[in-house]
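Trainee: Structure: my_file-v8.csv, CSV, C-alpha atoms and all ligand atoms.
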chain,number,residue,atom,x,y,z
Z,3,MET,CA,31.3,1.6,23.6
Z,4,VAL,CA,28.2,3.8,23.5
Z,5,ARG,CA,26.4,1.3,25.8
Z,6,PHE,CA,29.4,1.4,28.2
Z,7,LEU,CA,29.4,5.2,28.3
Z,8,GLY,CA,25.7,5.2,29.0
Z,9,ILE,CA,26.1,2.8,31.9
Z,10,LEU,CA,28.9,4.9,33.3
Z,11,ALA,CA,26.8,8.1,33.1
Z,12,GLY,CA,24.0,6.3,34.9
Z,13,ILE,CA,26.3,5.1,37.7
Z,14,VAL,CA,27.7,8.6,38.1
Z,15,MET,CA,24.1,10.1,38.3
Z,16,VAL,CA,23.0,7.5,40.9
Z,17,PHE,CA,26.1,8.2,42.9
Z,18,VAL,CA,25.6,12.0,42.9
Z,19,ALA,CA,21.9,11.6,43.8
Z,20,ALA,CA,22.7,9.2,46.7
Z,21,TRP,CA,25.5,11.4,47.9
Z,22,SER,CA,23.4,14.6,48.0
Z,23,PHE,CA,20.5,12.7,49.7
Z,24,GLY,CA,22.9,11.3,52.3
Z,25,HIS,CA,24.5,14.7,52.9
Z,26,GLY,CA,21.1,16.5,53.3
Z,27,ALA,CA,19.8,13.8,55.6
Z,28,TYR,CA,23.0,14.0,57.7
Z,29,SER,CA,22.9,17.7,58.1
Z,30,PHE,CA,19.1,17.6,58.9
Z,31,LEU,CA,19.7,15.2,61.7
Z,32,THR,CA,22.8,16.8,63.2
Z,33,THR,CA,22.0,20.6,63.1
Z,34,PRO,CA,20.2,21.6,66.2
Z,35,LYS,CA,16.6,22.9,65.5
Z,36,GLU,CA,16.1,26.6,65.7
Z,37,ARG,CA,13.8,27.3,68.7
Z,38,ASN,CA,10.7,29.4,67.9
Z,39,VAL,CA,9.7,30.6,71.3
Z,40,VAL,CA,6.6,32.4,70.1
Z,41,LYS,CA,5.3,29.2,68.5
Z,42,GLU,CA,6.2,27.1,71.5
Z,43,PHE,CA,4.1,29.2,73.9
Z,44,HIS,CA,1.4,30.3,71.5
Z,45,GLU,CA,-2.0,28.6,72.1
Z,46,GLU,CA,-4.7,27.5,69.6
Z,47,PRO,CA,-8.1,29.1,70.0
Z,48,ARG,CA,-10.3,27.4,72.6
Z,49,ASP,CA,-13.5,25.6,71.7
Z,50,LEU,CA,-16.5,27.9,71.4
Z,51,HIS,CA,-19.9,26.8,70.2
Z,52,LEU,CA,-22.4,29.4,69.1
Z,53,ALA,CA,-26.0,29.0,67.9
Z,54,SER,CA,-24.9,30.4,64.5
Z,55,ASP,CA,-22.4,27.6,63.8
Z,56,GLY,CA,-23.0,24.9,61.2
Z,57,PRO,CA,-24.9,25.1,57.9
Z,58,PHE,CA,-28.3,25.6,59.6
Z,59,GLY,CA,-27.1,27.9,62.4
Z,60,LYS,CA,-29.2,30.9,63.5
Z,61,TYR,CA,-28.2,33.7,65.8
Z,62,ASP,CA,-29.3,33.7,69.4
Z,63,ARG,CA,-30.7,37.2,69.5
Z,64,GLN,CA,-30.7,37.3,73.3
Z,65,GLN,CA,-27.0,36.5,73.3
Z,66,LEU,CA,-26.3,39.1,70.6
Z,67,GLN,CA,-28.0,41.7,72.8
Z,68,ARG,CA,-25.9,40.8,75.8
Z,69,GLY,CA,-22.8,40.9,73.6
Z,70,PHE,CA,-23.8,44.3,72.4
Z,71,GLN,CA,-24.2,45.5,76.0
Z,72,VAL,CA,-20.6,44.3,76.7
Z,73,TYR,CA,-19.4,46.2,73.6
Z,74,LYS,CA,-21.3,49.3,74.6
Z,75,GLU,CA,-20.2,49.3,78.2
Z,76,VAL,CA,-16.6,48.0,77.8
Z,77,CYS,CA,-15.1,47.8,74.3
Z,78,SER,CA,-16.5,51.0,72.8
Z,79,SER,CA,-14.3,53.2,74.9
Z,80,CYS,CA,-11.4,52.1,72.6
Z,81,HIS,CA,-12.9,50.3,69.6
Z,82,SER,CA,-15.2,51.6,66.8
Z,83,LEU,CA,-17.5,49.5,64.6
Z,84,ARG,CA,-17.3,51.6,61.5
Z,85,TYR,CA,-19.3,49.2,59.3
Z,86,VAL,CA,-22.2,48.8,61.6
Z,87,ALA,CA,-24.9,51.5,61.9
Z,88,PHE,CA,-27.1,52.0,65.0
Z,89,ARG,CA,-30.2,51.1,63.0
Z,90,ASN,CA,-28.7,47.7,62.2
Z,91,LEU,CA,-29.4,46.9,65.9
Z,92,GLU,CA,-33.0,46.3,64.8
Z,93,GLU,CA,-31.8,43.1,63.2
Z,94,ILE,CA,-30.8,41.7,66.6
Z,95,GLY,CA,-34.2,42.5,68.2
Z,96,TYR,CA,-34.2,46.2,69.3
Z,97,ASN,CA,-37.2,48.2,68.1
Z,98,GLU,CA,-37.0,51.6,66.4
Z,99,ALA,CA,-37.6,53.6,69.6
Z,100,GLU,CA,-34.9,51.6,71.4
Z,101,VAL,CA,-32.4,52.2,68.6
Z,102,LYS,CA,-33.2,55.9,68.6
Z,103,ALA,CA,-32.6,56.0,72.4
Z,104,ILE,CA,-29.3,54.0,72.1
Z,105,ALA,CA,-28.0,56.3,69.4
Z,106,ASN,CA,-29.0,59.5,71.3
Z,107,GLN,CA,-27.5,58.4,74.6
Z,108,TRP,CA,-24.2,57.0,73.0
Z,109,GLN,CA,-21.3,58.2,75.1
Z,110,ILE,CA,-19.2,59.2,72.1
Z,111,ASP,CA,-20.2,62.1,69.8
Z,112,VAL,CA,-20.1,61.6,66.1
Z,113,PRO,CA,-17.7,63.9,64.2
Z,114,ASP,CA,-19.5,66.5,62.1
Z,115,ILE,CA,-18.9,70.0,60.7
Z,116,ASP,CA,-20.6,73.2,62.0
Z,117,PRO,CA,-22.7,74.3,59.1
Z,118,LYS,CA,-22.2,78.0,59.8
Z,119,THR,CA,-18.4,78.2,60.5
Z,120,GLY,CA,-17.2,75.0,58.8
Z,121,GLU,CA,-15.3,74.1,62.0
Z,122,PRO,CA,-15.3,70.4,63.0
Z,123,LYS,CA,-17.5,69.6,65.9
Z,124,GLY,CA,-19.2,66.7,67.5
Z,125,ARG,CA,-22.9,66.0,67.6
Z,126,LYS,CA,-25.3,63.3,69.1
Z,127,ALA,CA,-25.6,60.1,67.1
Z,128,ILE,CA,-28.7,59.3,65.1
Z,129,PRO,CA,-29.8,55.7,64.0
Z,130,ALA,CA,-28.2,56.2,60.5
Z,131,ASP,CA,-24.7,56.9,62.0
Z,132,HIS,CA,-22.1,54.1,62.4
Z,133,PHE,CA,-20.5,53.3,65.8
Z,134,PRO,CA,-17.9,56.0,66.1
Z,135,SER,CA,-14.3,55.7,67.2
Z,136,PRO,CA,-13.7,57.4,70.6
Z,137,PHE,CA,-10.5,58.9,69.1
Z,138,ALA,CA,-10.3,61.8,66.6
Z,139,ASN,CA,-7.6,60.0,64.5
Z,140,GLU,CA,-5.0,57.3,64.5
Z,141,THR,CA,-2.4,59.5,66.2
Z,142,ALA,CA,-4.7,60.3,69.0
Z,143,ALA,CA,-5.7,56.6,69.4
Z,144,ARG,CA,-2.0,55.6,69.6
Z,145,GLN,CA,-1.3,58.4,72.0
Z,146,ALA,CA,-3.9,57.1,74.4
Z,147,ASN,CA,-2.9,53.4,74.0
Z,148,ASN,CA,0.9,53.4,74.5
Z,149,ASN,CA,1.4,53.6,70.7
Z,150,ALA,CA,-0.8,50.6,69.9
Z,151,LEU,CA,-3.8,51.1,67.7
Z,152,PRO,CA,-7.1,49.5,68.8
Z,153,PRO,CA,-8.4,48.0,65.6
Z,154,ASP,CA,-12.0,48.6,64.3
Z,155,LEU,CA,-13.9,45.5,65.5
Z,156,SER,CA,-16.6,45.3,62.7
Z,157,LEU,CA,-14.8,42.5,60.8
Z,158,ILE,CA,-12.4,41.2,63.4
Z,159,ALA,CA,-14.1,37.8,63.6
Z,160,LYS,CA,-13.4,37.4,59.9
Z,161,ALA,CA,-10.0,38.9,60.0
Z,162,ARG,CA,-8.4,36.6,62.5
Z,163,GLU,CA,-7.8,32.8,62.3
Z,164,GLY,CA,-10.3,31.1,64.7
Z,165,GLY,CA,-12.8,34.0,64.4
Z,166,ALA,CA,-15.2,34.1,67.4
Z,167,SER,CA,-13.2,31.4,69.2
Z,168,TYR,CA,-10.1,33.6,68.9
Z,169,VAL,CA,-11.8,36.7,70.3
Z,170,TYR,CA,-13.2,34.6,73.2
Z,171,SER,CA,-9.8,33.0,73.9
Z,172,LEU,CA,-8.0,36.3,73.7
Z,173,LEU,CA,-10.4,38.0,76.2
Z,174,THR,CA,-10.1,35.2,78.7
Z,175,GLY,CA,-6.4,34.5,77.9
Z,176,TYR,CA,-4.5,37.0,80.1
Z,177,ARG,CA,-2.2,35.2,82.5
Z,178,ASN,CA,1.1,35.5,84.3
Z,179,PRO,CA,4.0,34.7,82.0
Z,180,PRO,CA,5.3,31.2,82.6
Z,181,GLY,CA,8.6,30.9,84.5
Z,182,ASN,CA,10.5,29.4,81.5
Z,183,LEU,CA,9.6,32.2,79.1
Z,184,PRO,CA,12.9,33.7,77.8
Z,185,ALA,CA,13.6,37.3,78.9
Z,186,GLU,CA,13.2,38.7,75.4
Z,187,ASN,CA,9.6,37.4,75.2
Z,188,ARG,CA,8.5,38.7,78.5
Z,189,PRO,CA,6.0,41.6,78.3
Z,190,GLY,CA,7.6,45.0,78.2
Z,191,PRO,CA,6.2,48.0,80.0
Z,192,ASN,CA,2.4,48.4,79.4
Z,193,LEU,CA,2.2,45.0,77.6
Z,194,HIS,CA,0.3,42.0,78.9
Z,195,TYR,CA,1.1,38.4,78.5
Z,196,ASN,CA,-1.6,36.6,76.5
Z,197,PRO,CA,-0.6,33.3,74.8
Z,198,TRP,CA,-3.4,33.6,72.2
Z,199,PHE,CA,-2.1,36.9,70.8
Z,200,ALA,CA,0.2,36.5,67.8
Z,201,ASN,CA,3.4,37.7,69.5
Z,202,LEU,CA,2.4,36.7,73.1
Z,203,ASN,CA,2.3,40.3,74.4
Z,204,ILE,CA,-0.6,42.5,73.7
Z,205,ALA,CA,-1.0,46.2,74.4
Z,206,MET,CA,-4.7,46.0,75.3
Z,207,PRO,CA,-5.1,45.8,79.0
Z,208,PRO,CA,-7.5,43.0,80.1
Z,209,PRO,CA,-10.9,44.5,79.3
Z,210,LEU,CA,-13.0,42.0,81.2
Z,211,LYS,CA,-11.6,41.9,84.7
Z,212,SER,CA,-14.3,40.7,87.0
Z,213,ASP,CA,-17.6,38.9,87.1
Z,214,GLY,CA,-20.5,41.2,87.1
Z,215,GLN,CA,-18.7,44.0,85.3
Z,216,VAL,CA,-21.8,44.3,83.1
Z,217,GLY,CA,-25.3,44.0,84.5
Z,218,TYR,CA,-27.3,41.6,82.4
Z,219,LYS,CA,-31.1,42.1,82.4
Z,220,ASP,CA,-32.1,38.7,81.2
Z,221,GLY,CA,-30.9,36.8,84.2
Z,222,THR,CA,-27.8,35.4,82.6
Z,223,LYS,CA,-24.9,35.4,85.1
Z,224,PRO,CA,-22.3,37.9,83.8
Z,225,THR,CA,-19.1,35.9,84.5
Z,226,VAL,CA,-16.0,36.9,82.6
Z,227,ASP,CA,-16.3,33.7,80.6
Z,228,GLN,CA,-20.0,34.5,79.7
Z,229,MET,CA,-19.3,38.1,78.8
Z,230,ALA,CA,-16.4,37.0,76.6
Z,231,LYS,CA,-18.6,34.5,74.8
Z,232,ASP,CA,-21.4,37.0,74.3
Z,233,VAL,CA,-19.2,39.7,72.9
Z,234,ALA,CA,-17.6,37.1,70.6
Z,235,ALA,CA,-21.1,36.1,69.4
Z,236,PHE,CA,-21.9,39.8,68.8
Z,237,LEU,CA,-18.7,40.3,66.8
Z,238,THR,CA,-19.6,37.3,64.7
Z,239,TRP,CA,-22.9,39.0,63.8
Z,240,THR,CA,-21.2,42.4,63.0
Z,241,ALA,CA,-18.8,40.5,60.7
Z,242,GLU,CA,-21.6,38.6,58.9
Z,243,PRO,CA,-25.0,40.1,59.5
Z,244,ARG,CA,-26.4,38.2,56.5
Z,245,LEU,CA,-25.3,34.7,57.8
Z,246,GLU,CA,-28.9,33.5,58.3
Z,247,ASN,CA,-29.9,34.6,54.8
Z,248,ARG,CA,-26.9,32.8,53.4
Z,249,HIS,CA,-27.8,29.6,55.3
Z,250,ARG,CA,-31.4,29.8,54.0
Z,251,THR,CA,-30.3,30.4,50.4
Z,252,GLY,CA,-27.9,27.5,50.7
Z,253,LEU,CA,-30.7,25.2,51.9
Z,254,ALA,CA,-33.1,26.3,49.2
Z,255,MET,CA,-30.4,25.8,46.6
Z,256,LEU,CA,-29.8,22.2,47.8
Z,257,ILE,CA,-33.5,21.4,47.6
Z,258,PHE,CA,-33.7,22.9,44.1
Z,259,LEU,CA,-30.7,20.9,42.9
Z,260,LEU,CA,-32.1,17.7,44.4
Z,261,PHE,CA,-35.4,18.4,42.7
Z,262,THR,CA,-33.8,19.0,39.3
Z,263,THR,CA,-31.7,15.9,39.7
Z,264,VAL,CA,-34.8,13.8,40.1
Z,265,LEU,CA,-36.5,15.6,37.2
Z,266,GLY,CA,-33.4,15.1,35.0
Z,267,TYR,CA,-33.4,11.4,35.8
Z,268,LEU,CA,-37.1,11.0,35.0
Z,269,ALA,CA,-36.7,12.9,31.7
Z,270,TYR,CA,-33.8,10.6,30.9
Z,271,GLN,CA,-35.9,7.6,31.5
Z,272,ASN,CA,-38.7,8.8,29.3
Z,273,ILE,CA,-36.9,10.3,26.4
Z,274,TRP,CA,-33.5,8.7,25.9
Z,275,HIS,CA,-33.8,5.8,23.5
Z,276,GLY,CA,-31.2,3.7,25.1
Z,277,PRO,CA,-31.6,-0.1,25.6
Z,278,THR,CA,-32.8,0.5,29.2
Z,279,SER,CA,-35.2,3.3,28.6
Z,280,ARG,CA,-38.9,2.8,29.4
Z,281,ALA,CA,-40.0,3.7,25.8
Z,282,VAL,CA,-37.9,0.8,24.5
Z,283,ARG,CA,-39.0,-1.5,27.2
Z,284,ARG,CA,-42.6,-0.9,26.1
Z,285,THR,CA,-42.1,-1.4,22.4
Z,286,GLY,CA,-39.2,-3.7,22.3
Z,287,PRO,CA,-35.8,-2.8,20.7
Z,288,LEU,CA,-35.9,-0.6,17.7
Z,289,ASN,CA,-34.7,-3.2,15.3
Z,290,PRO,CA,-35.8,-3.4,11.6
Z,291,VAL,CA,-38.4,-6.1,12.4
Z,292,ASN,CA,-40.1,-4.0,15.1
Z,293,MET,CA,-39.9,-0.8,13.0
Z,294,ALA,CA,-41.6,-2.6,10.2
Z,295,LYS,CA,-44.3,-3.9,12.5
Z,296,ARG,CA,-44.9,-0.4,13.8
Z,297,ASP,CA,-45.1,1.1,10.3
Z,298,ALA,CA,-47.5,-1.6,9.3
Z,299,ALA,CA,-49.7,-0.9,12.4
Z,300,ALA,CA,-49.6,2.8,11.5
Z,301,GLU,CA,-50.6,2.2,7.9
Z,302,GLU,CA,-53.5,0.0,9.1
Z,303,ALA,CA,-54.7,2.7,11.4
Z,304,GLY,CA,-54.6,5.2,8.5
Z,305,ILE,CA,-51.7,7.3,10.0
Z,306,PRO,CA,-49.4,8.5,7.2
Z,307,SER,CA,-45.8,7.4,7.9
Z,308,ALA,CA,-43.3,10.1,8.4
B,401,LIG,C1,-8.4,50.5,77.0
B,401,LIG,C2,-8.7,50.4,75.6
B,401,LIG,C3,-9.3,49.0,75.1
B,401,LIG,C4,-10.5,48.5,75.5
B,401,LIG,C5,-11.4,48.9,76.6
B,401,LIG,C6,-10.6,47.3,74.7
B,401,LIG,N1,-9.6,47.2,73.9
B,401,LIG,FE1,-9.3,45.7,72.5
B,401,LIG,N2,-7.5,46.6,71.9
B,401,LIG,C7,-7.0,47.7,72.5
B,401,LIG,C8,-5.7,47.9,71.9
B,401,LIG,C9,-4.7,49.1,72.2
B,401,LIG,C10,-5.5,46.9,70.9
B,401,LIG,C11,-4.2,46.6,70.1
B,401,LIG,C12,-3.4,45.7,70.7
B,401,LIG,C13,-2.0,45.4,70.1
B,401,LIG,O1,-1.9,45.6,68.9
B,401,LIG,O2,-1.1,45.0,70.9
B,401,LIG,C14,-6.7,46.1,71.0
B,401,LIG,C15,-6.9,44.9,70.2
B,401,LIG,C16,-8.0,44.1,70.2
B,401,LIG,C17,-8.2,43.0,69.4
B,401,LIG,C18,-7.4,42.6,68.2
B,401,LIG,C19,-6.3,41.6,68.6
B,401,LIG,C20,-5.5,41.2,67.4
B,401,LIG,O3,-5.5,40.0,67.1
B,401,LIG,O4,-4.9,42.0,66.8
B,401,LIG,C21,-9.5,42.5,69.7
B,401,LIG,C22,-10.2,41.3,69.1
B,401,LIG,C23,-10.0,43.3,70.8
B,401,LIG,N3,-9.1,44.3,71.1
B,401,LIG,C24,-11.2,43.1,71.3
B,401,LIG,C25,-11.7,43.9,72.4
B,401,LIG,C26,-13.0,43.6,73.0
B,401,LIG,C27,-14.0,42.5,72.5
B,401,LIG,C28,-13.1,44.5,74.0
B,401,LIG,C29,-14.3,44.7,74.9
B,401,LIG,C30,-14.6,43.5,75.7
B,401,LIG,C31,-11.9,45.4,74.0
B,401,LIG,N4,-11.1,44.9,73.0
B,401,LIG,C32,-11.7,46.4,74.8
B,401,LIG,C33,-7.5,48.5,73.4
B,401,LIG,C34,-8.7,48.2,74.1
If you took the structure in this file and wrote it as structure tokens, what would it be?
Mentor:
Amino acid sequence: MVRFLGILAGIVMVFVAAWSFGHGAYSFLTTPKERNVVKEFHEEPRDLHLASDGPFGKYDRQQLQRGFQVYKEVCSSCHSLRYVAFRNLEEIGYNEAEVKAIANQWQIDVPDIDPKTGEPKGRKAIPADHFPSPFANETAARQANNNALPPDLSLIAKAREGGASYVYSLLTGYRNPPGNLPAENRPGPNLHYNPWFANLNIAMPPPLKSDGQVGYKDGTKPTVDQMAKDVAAFLTWTAEPRLENRHRTGLAMLIFLLFTTVLGYLAYQNIWHGPTSRAVRRTGPLNPVNMAKRDAAAEEAGIPSA
């Protein structure tokens, strides 16, 4: 009787499981898929290869300087770099005098306070200052940008999936909306279609509009593509100025670990009294016969046994 009840319970369970699986599969196959328009039109970051890529990568200082020039002449009119100081530019190859001149001639004043009256006022930047925002505060920034906020760019290459490739794709990604884009996803007033931006429509007007917008001094051709690559490389540096250090430390660490592994193996060979160790191979296995021989030899030589 008990066995019969057990079998019956088993059959019922199997039936319930099969039924719920069948029901789920049926509704999965028959319900039409919800369309996610943003996903459908969104593009993955384009390929971008920088000198700093890979475990041994180093920054291309020439490219970083070009990228800085693009930031200075184009992006800085809307975006700050609040974690980067003018003097950090020495790390990408500018000398002290050049850094002083760059800070002194910066087009945006640094907010300060009048020491006599206590009133807020602007002053010329010095090398210790960080790259200032052109707007006094968030409200002013939104006011000037159709209610969108230009984010600080110091860490943007770390903050967005795709990093430098994303920045490069975004800057070169402005196009006309495709014909089959539904009306509710079309750019509204003051928005620009860009399939690399999260919701397809970005408030930033295309900052790099034409070849030659920035005059490079090193002979590189300032095409829109090149300027976008250079500023993406520069923003990779602002997000991780210690990258080369990290790569060097990683390499030293690997060499050290390799060295200690070899040392550890040799020590094991010499000290460990296993059947394969060298010490045992020299004297033969430590069986009572050998140990007796050794003790006898020690006694003969006048060495007191332990
Ligand atoms: C006219 C002002 C303006 C200029 C010039 C400008 N930007 Fe922007 N930028 C914006 C605004 C506004 C946003 C916010 C967009 C939004 O949220 O829709 C933005 C957003 C961004 C973002 C973030 C996108 C995201 O994923 O959230 C990046 C990266 C960026 N800008 C890079 C640059 C670079 C690089 C330059 C220079 C080549 C530049 N911008 C020049 C106004 C500007």
Trainee: Could you pull out the residues sitting within 9 Å of ligand LIG 401 (chain B), using all atoms listed in the file, and write them as a PyMOL selection string?
Mentor: chain Z and resi 69+72-81+143-144+146-155+158-159+161-163+166+168-170+172-173+193-194+198-201+203-210+229-230+233-234+237
Trainee: Quick one: distance from atom CA of Pro136 of chain Z to atom CA of Ala87 of chain Z in Å, one decimal?
Mentor: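 Computing the Euclidean distance for atom CA of Pro136 of chain Z and atom CA of Ala87 of chain Z yields 15.4 Å.
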Trainee: How many Å lie between atom CA of Gln109 of chain Z and atom CA of Lys126 of chain Z, rounded to one decimal?
Mentor: 8.8 Å
Trainee: Would you mind listing what lies within 12 Å of Pro180 of chain Z as number ranges by chain, with only C-alpha atoms counted and same-chain residues fewer than 4 positions away left out?
Mentor: Z: 42-44, 176, 184-185, 187-189, 195-197, 202
Trainee: With C-alpha atoms retained, write the just-selected residues as a compact mmCIF listing (two decimals), in the coordinates of the input.
Mentor:
# COMPACT_ATOMS: atom_id res chain seq x y z
CA GLU Z 42 6.20 27.10 71.50
CA PHE Z 43 4.10 29.20 73.90
CA HIS Z 44 1.40 30.30 71.50
CA TYR Z 176 -4.50 37.00 80.10
CA PRO Z 184 12.90 33.70 77.80
CA ALA Z 185 13.60 37.30 78.90
CA ASN Z 187 9.60 37.40 75.20
CA ARG Z 188 8.50 38.70 78.50
CA PRO Z 189 6.00 41.60 78.30
CA TYR Z 195 1.10 38.40 78.50
CA ASN Z 196 -1.60 36.60 76.50
CA PRO Z 197 -0.60 33.30 74.80
CA LEU Z 202 2.40 36.70 73.10
Trainee: Just give me the residues with any atom within 12 Å of (-23.2, 26.4, 54.1), file coordinates, counting only C-alpha atoms, written as JSON, numbers by chain.
Mentor: {"Z": [54, 55, 56, 57, 58, 59, 245, 246, 247, 248, 249, 250, 251, 252, 253, 254, 255, 256]}
Trainee: At what distance in Å, to one decimal, does atom CA of Asp297 of chain Z lie from atom CA of Ile273 of chain Z?
Mentor: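 Computing the Euclidean distance for atom CA of Ile273 of chain Z and atom CA of Asp297 of chain Z yields 20.3 Å.
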Trainee: Find the residue from Z:Asp213, Z:Gly190, Z:Leu183, Z:Val86 that sits nearest to Val40 of chain Z; use only C-alpha atoms when measuring.
Mentor: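 Answer, going by the shortest atom-to-atom distance: Z:Leu183.
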Trainee: Between Z:Ala303, Z:Leu52, Z:Ala105, Z:Val4, which residue has the minimum interatomic distance to Trp239 of chain Z, considering only C-alpha atoms?
Mentor: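 Among Z:Ala303, Z:Leu52, Z:Ala105, Z:Val4, it is Z:Leu52 that comes nearest to Trp239 of chain Z.
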Trainee: Residues proximal to (-26.4, 51.6, 61.5) were defined as those with any atom within 10 Å of that point in the file's coordinates, counting only C-alpha atoms. Which are they, as a ChimeraX atom specification?
Mentor: /Z:83-92,101,105,128-133
Trainee: Calculated over all atoms listed in the file, which of the candidates Z:Ala294, Z:Gln65, Z:Asp49, Z:Ala27 has the smallest distance to Thr222 of chain Z?
Mentor: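 With all atoms listed in the file as the atom set, the closest residue is Z:Gln65.
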